[in-house]
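Data file: input00.tsv. Format and content: TSV, C-alpha atoms.
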chain	number	residue	atom	x	y	z
T	2	MET	CA	-96.97	-14.01	-21.53
T	3	THR	CA	-96.03	-16.18	-24.54
T	4	THR	CA	-93.91	-14.47	-27.20
T	5	VAL	CA	-94.04	-15.79	-30.76
T	6	LEU	CA	-91.55	-14.90	-33.52
T	7	ILE	CA	-92.88	-15.41	-37.05
T	8	THR	CA	-90.86	-15.10	-40.24
T	9	GLY	CA	-92.52	-14.03	-43.47
T	10	ALA	CA	-95.13	-12.30	-41.31
T	11	SER	CA	-96.12	-9.45	-43.64
T	12	ALA	CA	-98.66	-11.47	-45.66
T	13	GLY	CA	-100.14	-14.90	-46.39
T	14	LEU	CA	-99.66	-17.70	-43.89
T	15	GLY	CA	-97.25	-15.62	-41.82
T	16	ALA	CA	-99.82	-12.89	-41.28
T	17	ALA	CA	-102.46	-15.55	-40.57
T	18	PHE	CA	-100.22	-17.13	-37.93
T	19	ALA	CA	-99.71	-13.69	-36.40
T	20	ARG	CA	-103.48	-13.19	-36.18
T	21	GLY	CA	-104.00	-16.70	-34.79
T	22	PHE	CA	-101.46	-16.27	-32.01
T	23	ALA	CA	-102.61	-12.71	-31.27
T	24	ALA	CA	-106.14	-14.03	-30.78
T	25	LYS	CA	-104.72	-16.33	-28.09
T	26	GLY	CA	-103.18	-13.37	-26.26
T	27	CYS	CA	-99.58	-13.88	-27.35
T	28	ASP	CA	-97.04	-11.13	-27.87
T	29	LEU	CA	-95.47	-11.12	-31.33
T	30	VAL	CA	-92.17	-10.49	-33.06
T	31	LEU	CA	-92.90	-10.03	-36.76
T	32	VAL	CA	-90.10	-10.61	-39.27
T	33	ALA	CA	-90.09	-9.84	-43.00
T	34	ARG	CA	-88.25	-7.65	-45.50
T	35	ASP	CA	-90.99	-5.06	-46.00
T	36	LYS	CA	-91.01	-2.75	-42.98
T	37	ASP	CA	-94.10	-0.83	-44.07
T	38	ARG	CA	-96.21	-3.96	-44.51
T	39	LEU	CA	-94.98	-5.34	-41.20
T	40	GLN	CA	-95.94	-2.15	-39.43
T	41	ALA	CA	-99.39	-2.24	-41.02
T	42	VAL	CA	-99.91	-5.82	-39.78
T	43	ALA	CA	-98.64	-4.85	-36.32
T	44	ARG	CA	-100.99	-1.86	-36.08
T	45	GLU	CA	-103.99	-3.93	-37.13
T	46	LEU	CA	-103.26	-6.68	-34.61
T	47	ALA	CA	-102.55	-4.24	-31.79
T	48	ARG	CA	-105.82	-2.45	-32.50
T	49	GLU	CA	-107.90	-5.64	-32.70
T	50	PHE	CA	-106.30	-7.78	-30.01
T	51	ALA	CA	-104.35	-5.28	-27.86
T	52	THR	CA	-101.28	-7.46	-28.34
T	53	ALA	CA	-97.69	-6.22	-28.22
T	54	CYS	CA	-96.13	-6.43	-31.69
T	55	GLU	CA	-92.40	-5.97	-32.19
T	56	VAL	CA	-91.48	-5.27	-35.81
T	57	LEU	CA	-88.13	-6.69	-36.94
T	58	PRO	CA	-87.47	-5.93	-40.62
T	59	ALA	CA	-84.81	-8.29	-41.98
T	60	ASP	CA	-83.78	-9.96	-45.22
T	61	LEU	CA	-83.10	-13.52	-44.10
T	62	LEU	CA	-81.00	-14.17	-47.20
T	63	ASP	CA	-78.65	-11.43	-46.09
T	64	GLU	CA	-76.05	-12.60	-43.56
T	65	ASP	CA	-76.52	-9.59	-41.30
T	66	GLY	CA	-80.30	-9.84	-41.45
T	67	CYS	CA	-80.33	-13.52	-40.56
T	68	ALA	CA	-77.82	-12.95	-37.76
T	69	GLU	CA	-80.00	-10.17	-36.31
T	70	VAL	CA	-83.02	-12.45	-36.12
T	71	ALA	CA	-80.93	-15.29	-34.66
T	72	GLU	CA	-79.63	-12.92	-31.98
T	73	ARG	CA	-83.19	-11.86	-31.13
T	74	LEU	CA	-84.20	-15.51	-30.75
T	75	ALA	CA	-81.25	-16.21	-28.46
T	76	ASP	CA	-81.67	-13.12	-26.26
T	77	PRO	CA	-82.27	-14.39	-22.69
T	78	ALA	CA	-83.53	-10.97	-21.58
T	79	ARG	CA	-86.39	-11.11	-24.10
T	80	PRO	CA	-87.21	-14.81	-24.42
T	81	VAL	CA	-89.07	-16.14	-27.45
T	82	ASP	CA	-91.32	-19.07	-26.59
T	83	ILE	CA	-92.51	-20.11	-30.07
T	84	LEU	CA	-90.72	-19.85	-33.41
T	85	VAL	CA	-92.68	-20.09	-36.66
T	86	ASN	CA	-90.36	-20.67	-39.63
T	87	ASN	CA	-92.62	-19.56	-42.46
T	88	ALA	CA	-90.56	-17.42	-44.87
T	89	GLY	CA	-90.11	-18.90	-48.34
T	90	PHE	CA	-90.61	-18.59	-52.07
T	91	GLY	CA	-90.87	-20.84	-55.13
T	92	LEU	CA	-89.59	-20.74	-58.69
T	93	PRO	CA	-91.67	-20.88	-61.88
T	94	ALA	CA	-89.73	-23.53	-63.80
T	95	PRO	CA	-88.23	-26.99	-63.18
T	96	PHE	CA	-84.67	-27.14	-61.85
T	97	PRO	CA	-82.84	-27.47	-65.21
T	98	HIS	CA	-84.42	-24.24	-66.45
T	99	ASN	CA	-83.70	-21.94	-63.50
T	100	PRO	CA	-80.48	-19.97	-62.89
T	101	VAL	CA	-78.48	-21.85	-60.30
T	102	GLU	CA	-78.21	-18.65	-58.25
T	103	ASP	CA	-82.01	-18.60	-57.87
T	104	GLU	CA	-82.01	-22.25	-56.86
T	105	GLU	CA	-79.34	-21.57	-54.25
T	106	ARG	CA	-81.29	-18.63	-52.81
T	107	MET	CA	-84.43	-20.74	-52.56
T	108	LEU	CA	-82.54	-23.57	-50.87
T	109	ASP	CA	-80.99	-21.12	-48.41
T	110	LEU	CA	-84.35	-19.65	-47.41
T	111	LEU	CA	-86.17	-22.97	-47.18
T	112	VAL	CA	-83.42	-25.01	-45.50
T	113	ARG	CA	-80.45	-23.06	-44.15
T	114	VAL	CA	-82.44	-20.21	-42.60
T	115	PRO	CA	-84.90	-22.35	-40.58
T	116	LEU	CA	-82.02	-24.58	-39.49
T	117	ARG	CA	-80.07	-21.57	-38.22
T	118	LEU	CA	-83.01	-19.84	-36.54
T	119	THR	CA	-84.17	-23.06	-34.90
T	120	HIS	CA	-80.66	-23.66	-33.59
T	121	ALA	CA	-80.68	-20.15	-32.10
T	122	VAL	CA	-83.96	-20.53	-30.22
T	123	LEU	CA	-83.48	-24.08	-28.89
T	124	PRO	CA	-81.09	-23.42	-25.96
T	125	GLY	CA	-83.61	-21.08	-24.33
T	126	LEU	CA	-86.52	-23.43	-24.94
T	127	ARG	CA	-84.55	-26.34	-23.59
T	128	GLU	CA	-83.51	-24.42	-20.47
T	129	ARG	CA	-87.06	-23.23	-19.75
T	130	ARG	CA	-88.40	-26.68	-20.64
T	131	ARG	CA	-91.28	-25.34	-22.67
T	132	GLY	CA	-92.08	-23.72	-26.01
T	133	ALA	CA	-92.45	-24.81	-29.60
T	134	VAL	CA	-91.08	-24.64	-33.12
T	135	LEU	CA	-93.47	-24.68	-36.10
T	136	ASN	CA	-91.88	-25.26	-39.49
T	137	VAL	CA	-94.04	-24.52	-42.52
T	138	SER	CA	-93.48	-27.31	-45.04
T	139	SER	CA	-95.73	-28.27	-47.98
T	140	VAL	CA	-97.53	-31.22	-49.49
T	141	ALA	CA	-95.06	-30.67	-52.35
T	142	GLY	CA	-92.54	-32.34	-50.07
T	143	LEU	CA	-94.49	-35.59	-49.97
T	144	LEU	CA	-93.80	-36.49	-53.60
T	145	PRO	CA	-91.09	-35.87	-56.23
T	146	THR	CA	-91.98	-32.27	-57.11
T	147	GLY	CA	-88.70	-30.57	-57.99
T	148	THR	CA	-86.23	-28.77	-55.80
T	149	TYR	CA	-88.94	-26.86	-53.92
T	150	GLY	CA	-90.51	-30.17	-52.96
T	151	ALA	CA	-87.11	-31.61	-52.06
T	152	ALA	CA	-86.44	-28.68	-49.72
T	153	LYS	CA	-89.86	-29.05	-48.12
T	154	ALA	CA	-89.28	-32.79	-47.67
T	155	TRP	CA	-86.20	-31.81	-45.66
T	156	VAL	CA	-88.29	-29.41	-43.56
T	157	THR	CA	-90.76	-32.16	-42.66
T	158	ALA	CA	-88.06	-34.74	-41.91
T	159	PHE	CA	-86.08	-32.18	-39.88
T	160	SER	CA	-89.18	-31.33	-37.84
T	161	GLU	CA	-90.06	-34.94	-37.12
T	162	SER	CA	-86.50	-35.72	-36.03
T	163	LEU	CA	-86.20	-32.57	-33.91
T	164	ARG	CA	-89.50	-33.39	-32.22
T	165	VAL	CA	-87.99	-36.60	-30.89
T	166	ASP	CA	-84.82	-34.82	-29.72
T	167	MET	CA	-86.73	-32.08	-27.88
T	168	ALA	CA	-89.49	-34.19	-26.34
T	169	PRO	CA	-87.52	-34.85	-23.10
T	170	TYR	CA	-87.37	-31.07	-22.56
T	171	GLY	CA	-91.08	-30.45	-23.03
T	172	VAL	CA	-90.52	-28.57	-26.31
T	173	ARG	CA	-93.02	-29.25	-29.09
T	174	VAL	CA	-92.12	-29.34	-32.79
T	175	LEU	CA	-94.71	-29.34	-35.56
T	176	ALA	CA	-94.38	-29.61	-39.34
T	177	VAL	CA	-97.20	-27.63	-40.96
T	178	VAL	CA	-97.89	-29.20	-44.36
T	179	PRO	CA	-100.38	-27.11	-46.37
T	180	GLY	CA	-101.62	-27.69	-49.89
T	181	PHE	CA	-102.54	-24.91	-52.31
T	182	THR	CA	-103.38	-21.94	-50.08
T	183	ARG	CA	-104.78	-18.55	-51.06
T	184	THR	CA	-101.72	-16.35	-50.52
T	185	GLU	CA	-99.32	-14.31	-52.65
T	186	PHE	CA	-97.00	-17.30	-53.01
T	187	GLN	CA	-98.18	-18.47	-56.44
T	188	THR	CA	-98.17	-14.98	-57.96
T	189	ARG	CA	-94.69	-14.20	-56.64
T	190	ALA	CA	-93.41	-17.52	-57.97
T	191	GLY	CA	-94.86	-16.82	-61.41
T	192	MET	CA	-97.00	-19.95	-61.27
T	193	ASP	CA	-99.97	-20.42	-63.57
T	194	VAL	CA	-102.67	-21.90	-61.34
T	195	SER	CA	-105.63	-20.96	-63.53
T	196	SER	CA	-106.44	-24.61	-64.26
T	197	LEU	CA	-106.76	-25.58	-60.59
T	198	ARG	CA	-110.25	-26.36	-59.37
T	199	GLU	CA	-111.83	-24.32	-56.59
T	200	ALA	CA	-111.96	-27.40	-54.37
T	201	VAL	CA	-108.17	-27.68	-54.03
T	202	TRP	CA	-107.73	-24.26	-52.42
T	203	LEU	CA	-107.29	-23.73	-48.69
T	204	GLU	CA	-107.77	-20.52	-46.75
T	205	PRO	CA	-104.72	-19.47	-44.69
T	206	GLU	CA	-106.88	-19.04	-41.58
T	207	ASP	CA	-107.98	-22.67	-41.85
T	208	VAL	CA	-104.37	-23.88	-42.16
T	209	VAL	CA	-103.40	-21.89	-39.07
T	210	ALA	CA	-106.40	-23.03	-37.03
T	211	LYS	CA	-105.61	-26.67	-37.82
T	212	ALA	CA	-101.94	-26.13	-37.00
T	213	LEU	CA	-102.70	-24.59	-33.61
T	214	ARG	CA	-105.05	-27.46	-32.77
T	215	ASP	CA	-102.43	-30.02	-33.78
T	216	LEU	CA	-99.78	-28.16	-31.79
T	217	ALA	CA	-101.96	-28.33	-28.69
T	218	LEU	CA	-102.47	-32.06	-29.30
T	219	ARG	CA	-98.69	-32.54	-29.72
T	220	ARG	CA	-99.05	-34.06	-33.15
T	221	PRO	CA	-95.93	-34.26	-35.36
T	222	VAL	CA	-97.50	-33.10	-38.64
T	223	SER	CA	-100.47	-30.88	-39.48
T	224	ILE	CA	-102.27	-31.35	-42.80
T	225	THR	CA	-105.43	-29.35	-43.47
T	226	GLY	CA	-108.37	-30.84	-45.35
T	227	ARG	CA	-109.44	-34.39	-46.15
T	228	ARG	CA	-108.28	-34.01	-49.76
T	229	TYR	CA	-104.69	-33.35	-48.72
T	230	GLN	CA	-104.80	-35.89	-45.90
T	231	ALA	CA	-105.78	-38.51	-48.50
T	232	TYR	CA	-103.02	-37.20	-50.77
T	233	ALA	CA	-100.50	-37.72	-47.98
T	234	LEU	CA	-101.78	-41.24	-47.34
T	235	ALA	CA	-101.51	-42.14	-51.03
T	236	ALA	CA	-98.01	-40.68	-51.21
T	237	ARG	CA	-96.79	-43.18	-48.64
T	238	HIS	CA	-98.06	-46.17	-50.63
T	239	LEU	CA	-97.77	-45.40	-54.35
T	240	PRO	CA	-94.60	-46.58	-56.15
T	241	ARG	CA	-92.11	-43.70	-56.23
T	242	GLY	CA	-91.14	-44.22	-59.87
T	243	PHE	CA	-94.74	-44.09	-61.00
T	244	VAL	CA	-95.37	-40.94	-58.99
T	245	ALA	CA	-92.19	-39.26	-60.27
T	246	ARG	CA	-93.31	-39.78	-63.88
T	247	LYS	CA	-96.78	-38.42	-63.14
T	248	MET	CA	-95.44	-35.37	-61.34
T	249	ALA	CA	-92.96	-34.63	-64.14
T	250	ARG	CA	-95.88	-33.97	-66.48
T	251	THR	CA	-96.99	-31.08	-64.27
T	252	ARG	CA	-93.60	-29.35	-64.39
T	253	ARG	CA	-93.18	-27.79	-67.79
T	254	PRO	CA	-90.31	-25.50	-68.80
T	255	PRO	CA	-91.30	-21.95	-69.74
T	256	ALA	CA	-91.68	-21.12	-73.41
T	257	GLY	CA	-88.39	-20.76	-75.24
T	258	ARG	CA	-86.37	-22.97	-72.88
In structure tokens, write the structure found in this file.
Amino acid sequence: MTTVLITGASAGLGAAFARGFAAKGCDLVLVARDKDRLQAVARELAREFATACEVLPADLLDEDGCAEVAERLADPARPVDILVNNAGFGLPAPFPHNPVEDEERMLDLLVRVPLRLTHAVLPGLRERRRGAVLNVSSVAGLLPTGTYGAAKAWVTAFSESLRVDMAPYGVRVLAVVPGFTRTEFQTRAGMDVSSLREAVWLEPEDVVAKALRDLALRRPVSITGRRYQAYALAARHLPRGFVARKMARTRRPPAGR
């Protein structure tokens, strides 16, 4: 039986990944801060799919919480076969207008935490010569889009590099690169997305379905939707200075700053 550990599993893409893997008959380890929401997700999945759901409440920005999840990933008596690094958050303003403490917390959750958790799970995957790591990145990482985009660019580059390192051991690594997706992310980040057209939005279930197909095909990157696939293609060819100026117009400081 395949066991999948998913961070940020209480809602949004994390919950959608949990449902997607449960539908394939996998056992789950669900990680997030909110124990009650995790338990609700676990009960729903167990009822619908008869899957085993372990609930592991943890604040990954807390040293003890992150260490607990890393220990679970490294436990040889309860092996984890697939790690989904999904936990994250954004900030409402450009870098110069955010408290540096908030920027550091975001960087920790988007970069340090997946690095540490991936490092914890890899020895077991390498020894068993199977398994996978899915790192949730973002199309924001394809272009100059602030510190969130910079962190997500690291996630994608890290995934592509790790994929090469782990290929001899039969371990798959996939960077999941969604665009605007209907989750709680924008609300929690305080983002005003009222001007976005309906056509730009993705459903989390579609992102997960595409990711699982791409994982099975051993692709390095998963991008859902022709709009965002074209966006990624353009990002590789447009002059970086031109793009940086265009993207800067979309990042406005909040009123009074």
Query raised in the report: If you measure from CA of Val81 in chain T to CA of Asp166 in chain T, what distance in Å do you get, rounded to one decimal?
Result: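 Answer for the CA of Val81 in chain T to CA of Asp166 in chain T separation: 19.3 Å.
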Requested in this report: Pick out the closest residue to Phe90 in chain T from this set: T:Glu64, T:Glu72, T:Asp109, T:Glu206. Count all atoms listed in the file.
Outcome: T:Asp109
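Using only C-alpha atoms for every distance, the candidate list T:Gly226, T:Ile83, T:Ala233, T:Gly142 yields T:Ile83 as the residue closest to Leu175 in chain T.
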Query raised in the report: For the atom pair CA of Val222 in chain T and CA of Val178 in chain T, what is the interatomic distance in Å to one decimal place?
Result: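 Spanning CA of Val222 in chain T to CA of Val178 in chain T is a straight-line distance of 6.9 Å.
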Requested in this report: Pick out the residues sitting within 12 Å of Cys67 in chain T, and hand them over as a PyMOL selection string; count all atoms listed in the file, and ignore anything fewer than 5 positions along from it in its own chain.
Outcome: chain T and resi 8+32-34+57-62+72-74+88+109-110+113-119+121
So that I have them on file, write out the residues from the current selection with C-alpha atoms, as a short mmCIF file (atom, residue, chain, number, x, y, z; two decimals), in the frame of the given file.
data_model
loop_
_atom_site.label_atom_id
_atom_site.label_comp_id
_atom_site.auth_asym_id
_atom_site.auth_seq_id
_atom_site.Cartn_x
_atom_site.Cartn_y
_atom_site.Cartn_z
CA THR T 8 -90.86 -15.10 -40.24
CA VAL T 32 -90.10 -10.61 -39.27
CA ALA T 33 -90.09 -9.84 -43.00
CA ARG T 34 -88.25 -7.65 -45.50
CA LEU T 57 -88.13 -6.69 -36.94
CA PRO T 58 -87.47 -5.93 -40.62
CA ALA T 59 -84.81 -8.29 -41.98
CA ASP T 60 -83.78 -9.96 -45.22
CA LEU T 61 -83.10 -13.52 -44.10
CA LEU T 62 -81.00 -14.17 -47.20
CA GLU T 72 -79.63 -12.92 -31.98
CA ARG T 73 -83.19 -11.86 -31.13
CA LEU T 74 -84.20 -15.51 -30.75
CA ALA T 88 -90.56 -17.42 -44.87
CA ASP T 109 -80.99 -21.12 -48.41
CA LEU T 110 -84.35 -19.65 -47.41
CA ARG T 113 -80.45 -23.06 -44.15
CA VAL T 114 -82.44 -20.21 -42.60
CA PRO T 115 -84.90 -22.35 -40.58
CA LEU T 116 -82.02 -24.58 -39.49
CA ARG T 117 -80.07 -21.57 -38.22
CA LEU T 118 -83.01 -19.84 -36.54
CA THR T 119 -84.17 -23.06 -34.90
CA ALA T 121 -80.68 -20.15 -32.10
#
Can you write out as a tab-separated table which residues of range 71-122 of chain T fall within 9 Å of range 13-27 of chain T, alongside each residue's closest atom pair and its distance in Å to one decimal, counting all atoms listed in the file and ordering rows by chain and ascending residue number?
residue	atom	partner	partner_atom	distance
T:Val85	CA	T:Phe18	CA	8.2
T:Asn86	CA	T:Gly15	CA	8.8
T:Asn87	CA	T:Gly15	CA	6.1
T:Ala88	CA	T:Gly15	CA	7.6
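Restricting the calculation to all atoms listed in the file, the smallest distance between Asn99 in chain T and any of T:Ser223, T:Gln230, T:Thr52, T:Thr148 is found for T:Thr148.
Between CA of Ala168 in chain T and CA of Asp82 in chain T the interatomic distance comes to 15.2 Å.
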Query - Among the residues T:Leu126, T:Ile7, T:Gly91, T:Ala210, the one that comes closest to Tyr170 in chain T [using only C-alpha atoms] - result: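 Using only C-alpha atoms, Tyr170 in chain T sits closest to T:Leu126.
Counting all atoms listed in the file, the residue from T:Val101, T:Val201, T:Leu84, T:Val42 that sits nearest to Arg228 in chain T is T:Val201.
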Query - Residue contacts of Val208 in chain T (7 Å, only C-alpha atoms) excluding same-chain residues fewer than 4 positions away, as a list in words - result: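 Neighbouring residues, sequence-local ones excluded: Pro179, Glu204, Ala212 and Thr225 of chain T.
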Requested in this report: Using all atoms listed in the file, pick whichever of T:Val177, T:Leu213, T:Leu6, T:Val140 has the shortest atom-to-atom distance to Ala231 in chain T.
Outcome: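 Nearest to Ala231 in chain T: T:Val140.
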Query raised in the report: List as a count of residues only: which residues have an atom within 8 Å of (-91.4, -30.1, -44.8), counting all atoms listed in the file?
Result: 18
